[in-house]
Structure formats: structure tokens, C-alpha cells
Amino acid sequence: MRARSLILKLSTMALILFVFISCSELTEADGLDAHPAIWKLDNGSAQVYLIGSIHLLPPELKWYGGKIKKILDIADEVVFEVHMTSETQDQARAITVQNGMLKNGDKLSNYITKDEYDFLKKITPELGISIETITNFQPWFASIALSVSAVINEGWDPEAGVDRYIQKIATQRQLKITDLETIEVQMEALYNHPLDVQANMLKDTISELEDIQKLTLEMIDVWSSGNEIRLVDIFLEPMREQSELYAKIITSRNKNWVPRLEEFFKKKQVTIVIVGTAHLIGDGGVVELLRQKGYDINRVQ
């Protein structure tokens with residue numbers, strides 16, 4: 001999981017961010033710089049739209065408008081991976097405290113090389129992280145903390161991300177908001193790995209911190225274009241190199257979501273489903289899994 005895995009983790013598992021970042025005011029963008037991928041299922045009485053999300057984006061990127069706005073204007077229900085509320089955030093904090101810290105005097109330096117740890121000591125002040133604190137984190141949590149801080153340092157913001165932005169609009173309009181899984185299930189997919197697997201995740205993150213600007217620009221470009229071939233290359237291929245992470249974070253969750261999605265196909269309404277882009281694309285993606293079950297799903301953007 002070498003190239004681009006830092007951004008990939010943020011794109012598929014960034015809800016932990018909301019544990020640490022407070023809300024800001026909603027502003028709508030004028031004009032569009034991005035046209036992300038959207039798929040539609042229409043059986044006559046039910047219309048379900050699947051929108052590939054990035055959970056953080058630069059605030060200056062104009063993506064809300066056009067087809068996404070038109071769909072939201074007629075939506076009856078909005079579905080997220082997890083509906084983030086104050087209660088959900090409290091649950092996430094508790095899960096992180098229970099599963100994010102090393103125990104019995106163990107230290108993060110035991111899982112990376114001396115050079116990697118020296119690099120962390122150098123870069124953490126720039127990211128606003130205390131090396132004395134991070135050394136007590138389990139590798140998975142250290143990886144996320146570093147990733148989040150680095151991307152925010154590049155100007156990305158969860159408030160500008162697709163999920164948070166649309167959730168605000170849906171809340172203001174009093175639309176029904178539903179989720180595909182619980183916060184416990186989502187976070188377990190991130191932390192429930194052997195320490196050596198977590199260490200590989202952290203090592204990849206450390207290697208990518210040196211080229212964070214290039215990686216973030218590439219991610220924005222590919223997501224904005226909606227090009228499926230490039231999306232697979234950027235969002236999926238890096239992660240497939242670590243099969244255990246890929247299975248828990250992507251494959252298993254995709255399969256678990258299919259029965260939930262089928263429930264929305266039975267409703268006589270317009271439903272928007274917003275999940276990380278990596279979940280919708282490629283072999284084993286939600287779109288392909290639904291097609292294998294006989295559903296007619298078309299790309300509409």
C-alpha cells in the first residue's frame with residue numbers, strides 16, 4: 001500500500017476526524033470545478049443515487065451544484081456510511097481511548113525504524129502534534145493522526161468534504177438521514193488488526209508525508225474528473241497490496257452494505273447514498289456487486 005495510501009485511508013475511513021474537529025458554518029459554492037462520479041438505479045417507483053465521496057476537501061474546490069444539487073433538491077432520504085451526531089462522536093472518542101493507545105509501557109518506536117522515528121520527531125511540530133503524546137499511540141491511530149494533521153495542513157477541511165457538507169443541508173431541510181453501519185463497526189475495521197499490520201500502515205503514512213502536496217493534488221484531480229479507470233488506480237490499487245486491511249476496510253463492508261442498499265430500492269422515493277469513492281468502484285465495489293444481483297445501475301455523471 002505504498003503510493004497514495006495516506007489519502008486513500010482518509011477517503012474511506014475519515015469519520016474518526018470528527019472526534020477532533022469542530023463544526024463551522026455552511027456556505028454554498030458558486031460554479032463547479034469538480035464533477036465526481038454518480039450512479040443511478042431507477043425501477044420506476046424508486047430512484048437511488050450513489051455518489052462517491054471524499055470526506056475532506058479544500059474549501060476552495062467548488063463541487064456542490066449542478067447534478068448533485070438537483071438530486072438533493074428532490075431527495076427524500078440521505079444515507080451515509082455513518083450518520084455523525086454528537087452521540088456518535090462521543091462513541092468514537094470512547095472507542096479511540098479504548099483501542100488507540102499502547103499498553104504496558106509499549107512505545108510506538110518499537111514498530112518503526114530509528115530513521116522513521118527521527119523523521120516523526122522532526123515533522124510532528126510542523127503538524128501540531130506532540131511526539132511525547134504520539135509515541136503512546138497504537139500504529140493505526142498514529143497513522144490517522146499524522147494523516148489528518150498533514151492533510152489539514154495542506155488546507156483540506158472535513159467541513160468542505162462531501163459527507164459533512166451534504167449532511168448540513170439535509171439537516172437544515174429536515175430530510176431523513178440514515179446510515180449503512182454503526183460507528184463501532186466502522187472503527188473496528190480500522191483498529192482491529194495485528195500490530196505488525198498496523199505498523200505497515202504507519203510506515204506507508206510516514207513515507208507519504210514527504211510528498212503530501214503532490215498526493216493531495218493528484219487525489220483532487222482524479223476525484224474531480226470522475227474517470228473510473230483513474231479512480232481505481234488511485235483509490236484501490238495502492239490498498240490492495242495489504243490484503244488484510246483491504247478486506248476489512250473495503251471488501252467486507254461493501255458486502256455488508258448490499259442488503260441495506262436493497263432496502264432503499266424498495267422505497268417509493270428518491271434516495272441519495274453517499275459513501276467513500278473507493279467503495280463504489282472496481283471489482284468487488286458496491287456498483288459491481290449490485291449489478292451481479294441483477295440491478296440495472298447506470299452512470300449519470
# chains A, B, ... in the order shown; residues from 1 in each chain; ligands from 1
$ select_by_dssp --residues "region 60-251 of chain A" --states "strand (DSSP E or B)" --output "MDAnalysis selection string"
chainID A and resid 77:80 101 137 157 176:179
$ closest_atom_pairs --of "region 32-140 of chain A" --to "region 250-261 of chain A" --cutoff "10 Å" --atoms "only C-alpha atoms" --output "JSON lines"
{"residue": "A:Val48", "atom": "CA", "partner": "A:Leu261", "partner_atom": "CA", "distance": 8.9}
{"residue": "A:Leu50", "atom": "CA", "partner": "A:Leu261", "partner_atom": "CA", "distance": 10.0}
{"residue": "A:Val79", "atom": "CA", "partner": "A:Leu261", "partner_atom": "CA", "distance": 9.3}
{"residue": "A:Glu81", "atom": "CA", "partner": "A:Trp257", "partner_atom": "CA", "distance": 9.0}
$ closest_residue --among "A:Leu245, A:Ile54, A:Ile229, A:Ile38" --to "Val197 (chain A)" --atoms "only C-alpha atoms"
A:Leu245
$ select_by_dssp --residues "region 227-269 of chain A" --states "helix (DSSP H, G or I)" --output "number ranges by chain"
A: 228-240, 243-265
$ write_last_selection --atoms "C-alpha atoms" --output "compact mmCIF listing (two decimals), in the first residue's frame"
# COMPACT_ATOMS: atom_id res chain seq x y z
CA GLU A 228 -13.30 5.32 -13.35
CA ILE A 229 -10.04 3.87 -14.65
CA ARG A 230 -8.01 6.50 -12.84
CA LEU A 231 -10.20 6.22 -9.76
CA VAL A 232 -9.41 2.52 -9.48
CA ASP A 233 -5.71 3.22 -9.94
CA ILE A 234 -5.61 5.94 -7.29
CA PHE A 235 -8.20 4.75 -4.78
CA LEU A 236 -7.96 0.97 -4.90
CA GLU A 237 -4.69 -0.36 -6.27
CA PRO A 238 -2.44 1.02 -3.50
CA MET A 239 -4.54 -0.55 -0.79
CA ARG A 240 -4.81 -3.97 -2.41
CA SER A 243 -4.80 -7.73 1.73
CA GLU A 244 -5.94 -7.79 5.37
CA LEU A 245 -6.55 -4.05 5.51
CA TYR A 246 -8.26 -4.11 2.13
CA ALA A 247 -10.55 -6.98 3.12
CA LYS A 248 -11.71 -5.34 6.35
CA ILE A 249 -11.87 -1.73 5.24
CA ILE A 250 -13.27 -2.23 1.73
CA THR A 251 -14.42 -5.71 0.72
CA SER A 252 -16.26 -6.85 3.85
CA ARG A 253 -18.04 -3.56 4.34
CA ASN A 254 -19.13 -3.42 0.69
CA LYS A 255 -20.74 -6.86 1.02
CA ASN A 256 -22.43 -5.89 4.27
CA TRP A 257 -23.91 -2.77 2.68
CA VAL A 258 -25.60 -4.52 -0.25
CA PRO A 259 -28.60 -5.86 1.73
CA ARG A 260 -29.03 -2.44 3.34
CA LEU A 261 -28.99 -0.76 -0.05
CA GLU A 262 -31.59 -3.18 -1.37
CA GLU A 263 -33.96 -1.90 1.32
CA PHE A 264 -33.83 1.55 -0.23
CA PHE A 265 -34.56 0.14 -3.70
$ residues_around --residues "region 156-165 of chain A" --least-positions-apart "2" --cutoff "7 Å" --atoms "only C-alpha atoms" --output "list in words"
Cys23, Ser24, Ser53, Ile54, His55, Leu56, Leu57, Pro58, Pro59, Val151, Ile152, Glu154, Gln167, Lys168, Ile169 and Ile274 of chain A
$ write_last_selection --atoms "C-alpha atoms" --output "compact mmCIF listing (two decimals), in the first residue's frame"
# COMPACT_ATOMS: atom_id res chain seq x y z
CA CYS A 23 -18.13 22.28 13.12
CA SER A 24 -18.11 25.51 11.12
CA SER A 53 -17.34 10.96 -1.66
CA ILE A 54 -14.11 12.39 -0.37
CA HIS A 55 -14.55 13.05 3.33
CA LEU A 56 -12.21 16.06 3.31
CA LEU A 57 -11.68 18.62 0.55
CA PRO A 58 -10.07 22.03 0.12
CA PRO A 59 -12.75 24.65 0.87
CA VAL A 151 -3.88 16.95 5.02
CA ILE A 152 -5.41 19.71 7.15
CA GLU A 154 -2.41 21.35 3.20
CA GLN A 167 -25.35 16.35 5.98
CA LYS A 168 -25.67 20.01 6.95
CA ILE A 169 -28.01 20.72 4.04
CA ILE A 274 -23.00 8.90 -0.08
$ closest_residue --among "A:Leu32, A:Ile166, A:Leu41, A:Ile74" --to "Arg291 (chain A)" --atoms "only C-alpha atoms"
A:Leu41
$ residues_around --residues "Leu127 (chain A)" --least-positions-apart "4" --cutoff "12 Å" --atoms "only C-alpha atoms" --output "list in words"
Leu120, Lys121, Lys122, Ile123, Ile131, Ile134, Ala145, Leu146, Ser147, Val148, Ser149, Ala150, Val151, Ile152, Asn153, Glu154 and Leu209 of chain A
$ atom_distance --atom1 "CA of Thr88 (chain A)" --atom2 "CA of Glu181 (chain A)"
11.7 Å
$ closest_residue --among "A:Met84, A:Leu190, A:Leu175, A:Gln138" --to "Asp106 (chain A)" --atoms "only C-alpha atoms"
A:Gln138
$ closest_residue --among "A:Asp42, A:Asp73, A:Asp296, A:Glu288" --to "Arg173 (chain A)" --atoms "only C-alpha atoms"
A:Asp73
$ atom_distance --atom1 "CA of Phe137 (chain A)" --atom2 "CA of Leu202 (chain A)"
11.0 Å
$ decode --residues "region 193-216 of chain A" --atoms "N, CA and C atoms" --output "compact mmCIF listing (two decimals), in the first residue's frame"
# COMPACT_ATOMS: atom_id res chain seq x y z
N HIS A 193 -6.58 -4.88 13.85
CA HIS A 193 -5.52 -5.52 13.06
C HIS A 193 -4.34 -5.82 13.97
N PRO A 194 -3.58 -6.87 13.68
CA PRO A 194 -2.35 -7.12 14.45
C PRO A 194 -1.42 -5.92 14.37
N LEU A 195 -0.60 -5.78 15.38
CA LEU A 195 0.28 -4.61 15.44
C LEU A 195 1.25 -4.55 14.26
N ASP A 196 1.65 -5.71 13.71
CA ASP A 196 2.56 -5.65 12.57
C ASP A 196 1.86 -5.12 11.33
N VAL A 197 0.57 -5.42 11.17
CA VAL A 197 -0.20 -4.86 10.05
C VAL A 197 -0.38 -3.36 10.25
N GLN A 198 -0.69 -2.97 11.48
CA GLN A 198 -0.78 -1.54 11.78
C GLN A 198 0.54 -0.82 11.51
N ALA A 199 1.64 -1.48 11.84
CA ALA A 199 2.95 -0.86 11.64
C ALA A 199 3.21 -0.59 10.16
N ASN A 200 2.80 -1.51 9.29
CA ASN A 200 2.96 -1.28 7.85
C ASN A 200 2.13 -0.09 7.40
N MET A 201 0.94 0.04 7.94
CA MET A 201 0.11 1.21 7.64
C MET A 201 0.84 2.50 8.02
N LEU A 202 1.42 2.50 9.22
CA LEU A 202 2.13 3.68 9.70
C LEU A 202 3.37 3.97 8.85
N LYS A 203 4.11 2.93 8.49
CA LYS A 203 5.31 3.13 7.67
C LYS A 203 4.94 3.77 6.33
N ASP A 204 3.84 3.34 5.73
CA ASP A 204 3.41 3.94 4.47
C ASP A 204 3.04 5.40 4.66
N THR A 205 2.35 5.69 5.76
CA THR A 205 1.99 7.07 6.03
C THR A 205 3.23 7.95 6.17
N ILE A 206 4.22 7.46 6.92
CA ILE A 206 5.45 8.23 7.11
C ILE A 206 6.12 8.50 5.77
N SER A 207 6.18 7.49 4.90
CA SER A 207 6.84 7.67 3.61
C SER A 207 6.10 8.68 2.75
N GLU A 208 4.79 8.75 2.90
CA GLU A 208 4.00 9.65 2.06
C GLU A 208 3.97 11.09 2.57
N LEU A 209 4.27 11.29 3.83
CA LEU A 209 4.27 12.64 4.37
C LEU A 209 5.28 13.53 3.65
N GLU A 210 6.32 12.93 3.09
CA GLU A 210 7.34 13.72 2.41
C GLU A 210 6.85 14.26 1.07
N ASP A 211 5.76 13.68 0.54
CA ASP A 211 5.27 14.10 -0.78
C ASP A 211 3.78 14.41 -0.72
N ILE A 212 3.35 14.97 0.41
CA ILE A 212 1.93 15.15 0.66
C ILE A 212 1.27 16.10 -0.33
N GLN A 213 1.96 17.15 -0.74
CA GLN A 213 1.34 18.13 -1.64
C GLN A 213 0.99 17.49 -2.98
N LYS A 214 1.92 16.73 -3.53
CA LYS A 214 1.67 16.07 -4.81
C LYS A 214 0.52 15.08 -4.69
N LEU A 215 0.50 14.33 -3.61
CA LEU A 215 -0.53 13.32 -3.43
C LEU A 215 -1.91 13.93 -3.31
N THR A 216 -2.04 15.02 -2.56
CA THR A 216 -3.34 15.64 -2.40
C THR A 216 -3.84 16.23 -3.72
